[in-house]
Amino acid sequence: MDFKERFSELLGSDTGAQAAIVAAIGAKSGLVSEWHSGKKKPGFDYLVKLSEYFSVTTDYLMGLSNERSAGVSGLSGQEVELLGMFRDLPNDALRAMVFQQVRVAVTSLAGADASDCCGEKKEESLASLRRKAE
């Protein structure tokens, strides 16, 4: 698969997709049309912006790899979602705080069975997590 095919796949059938890309990455509409038709390929700066826009690697976008995202193979959809949410936190201090709270929760639940979280012990487990997080 080459860039033209991969770009078309990522654009999908949404008629407003090209306009959204133009607005998001600051390219001219004629240039985006040329990428879509295969007349041109994006330069490095636009390639990076497109990969960020589509949340894929530049290798995937260019058709050099079938791995959409670097470093996430083997992760579940929920794990990828959590990593994305963590990455989107606005600053390092907030990321550090969330990381510590998650570490406490995971450590507390590591030895727990399903009834600790979902059964009769739910309130007890939640109270324990709150104490540890403080």
# chains A, B, ... in the order shown; residues from 1 in each chain; ligands from 1
call {"tool": "residues_around", "arguments": {"residues": "Leu31 (chain A)", "least_positions_apart": "4", "cutoff": "9 Å", "atoms": "only C-alpha atoms", "output": "number ranges by chain"}}
result
A: 22, 27, 35-36, 40, 42
call {"tool": "residues_around", "arguments": {"residues": "region 45-61 of chain A", "least_positions_apart": "4", "cutoff": "12 Å", "atoms": "only C-alpha atoms", "output": "PyMOL selection string"}}
result
chain A and resi 1-12+17-18+20-28+31-32+35+40-41+65-72+80+84
call {"tool": "atom_distance", "arguments": {"atom1": "CA of Ser13 (chain A)", "atom2": "CA of Ser37 (chain A)"}}
result
14.1 Å
call {"tool": "decode", "arguments": {"residues": "region 63-104 of chain A", "atoms": "C-alpha atoms", "output": "mmCIF file, in the first residue's frame"}}
result
data_model
loop_
_atom_site.group_PDB
_atom_site.id
_atom_site.type_symbol
_atom_site.label_atom_id
_atom_site.label_comp_id
_atom_site.auth_asym_id
_atom_site.auth_seq_id
_atom_site.Cartn_x
_atom_site.Cartn_y
_atom_site.Cartn_z
ATOM 1 C CA GLY A 63 2.588 2.506 3.518
ATOM 2 C CA LEU A 64 5.912 1.279 4.919
ATOM 3 C CA SER A 65 4.315 -0.457 7.905
ATOM 4 C CA ASN A 66 0.969 -1.958 8.841
ATOM 5 C CA GLU A 67 1.386 -0.921 12.496
ATOM 6 C CA ARG A 68 -0.870 2.099 12.950
ATOM 7 C CA SER A 69 0.678 3.236 16.215
ATOM 8 C CA ALA A 70 4.189 2.904 17.545
ATOM 9 C CA GLY A 71 4.563 0.998 20.775
ATOM 10 C CA VAL A 72 0.948 -0.075 21.246
ATOM 11 C CA SER A 73 0.925 -3.492 19.610
ATOM 12 C CA GLY A 74 -0.422 -6.030 22.038
ATOM 13 C CA LEU A 75 -2.400 -3.480 24.057
ATOM 14 C CA SER A 76 -6.150 -3.686 24.362
ATOM 15 C CA GLY A 77 -8.417 -0.884 23.218
ATOM 16 C CA GLN A 78 -8.980 0.132 26.839
ATOM 17 C CA GLU A 79 -5.237 0.289 27.492
ATOM 18 C CA VAL A 80 -4.667 2.465 24.430
ATOM 19 C CA GLU A 81 -7.568 4.704 25.493
ATOM 20 C CA LEU A 82 -6.113 5.117 28.992
ATOM 21 C CA LEU A 83 -2.705 5.993 27.577
ATOM 22 C CA GLY A 84 -4.310 8.564 25.296
ATOM 23 C CA MET A 85 -6.247 10.113 28.172
ATOM 24 C CA PHE A 86 -3.087 10.240 30.285
ATOM 25 C CA ARG A 87 -1.109 11.825 27.443
ATOM 26 C CA ASP A 88 -3.823 14.478 26.986
ATOM 27 C CA LEU A 89 -3.558 15.724 30.573
ATOM 28 C CA PRO A 90 -2.527 19.388 30.448
ATOM 29 C CA ASN A 91 0.680 19.347 32.506
ATOM 30 C CA ASP A 92 3.346 17.205 34.155
ATOM 31 C CA ALA A 93 2.138 17.931 37.692
ATOM 32 C CA LEU A 94 -1.332 16.608 36.902
ATOM 33 C CA ARG A 95 0.142 13.557 35.125
ATOM 34 C CA ALA A 96 2.293 12.836 38.200
ATOM 35 C CA MET A 97 -0.723 13.093 40.509
ATOM 36 C CA VAL A 98 -2.871 10.810 38.324
ATOM 37 C CA PHE A 99 0.001 8.347 37.966
ATOM 38 C CA GLN A 100 0.376 8.119 41.753
ATOM 39 C CA GLN A 101 -3.362 7.603 42.263
ATOM 40 C CA VAL A 102 -3.490 4.883 39.615
ATOM 41 C CA ARG A 103 -0.415 3.202 41.114
ATOM 42 C CA VAL A 104 -2.116 3.088 44.519
#
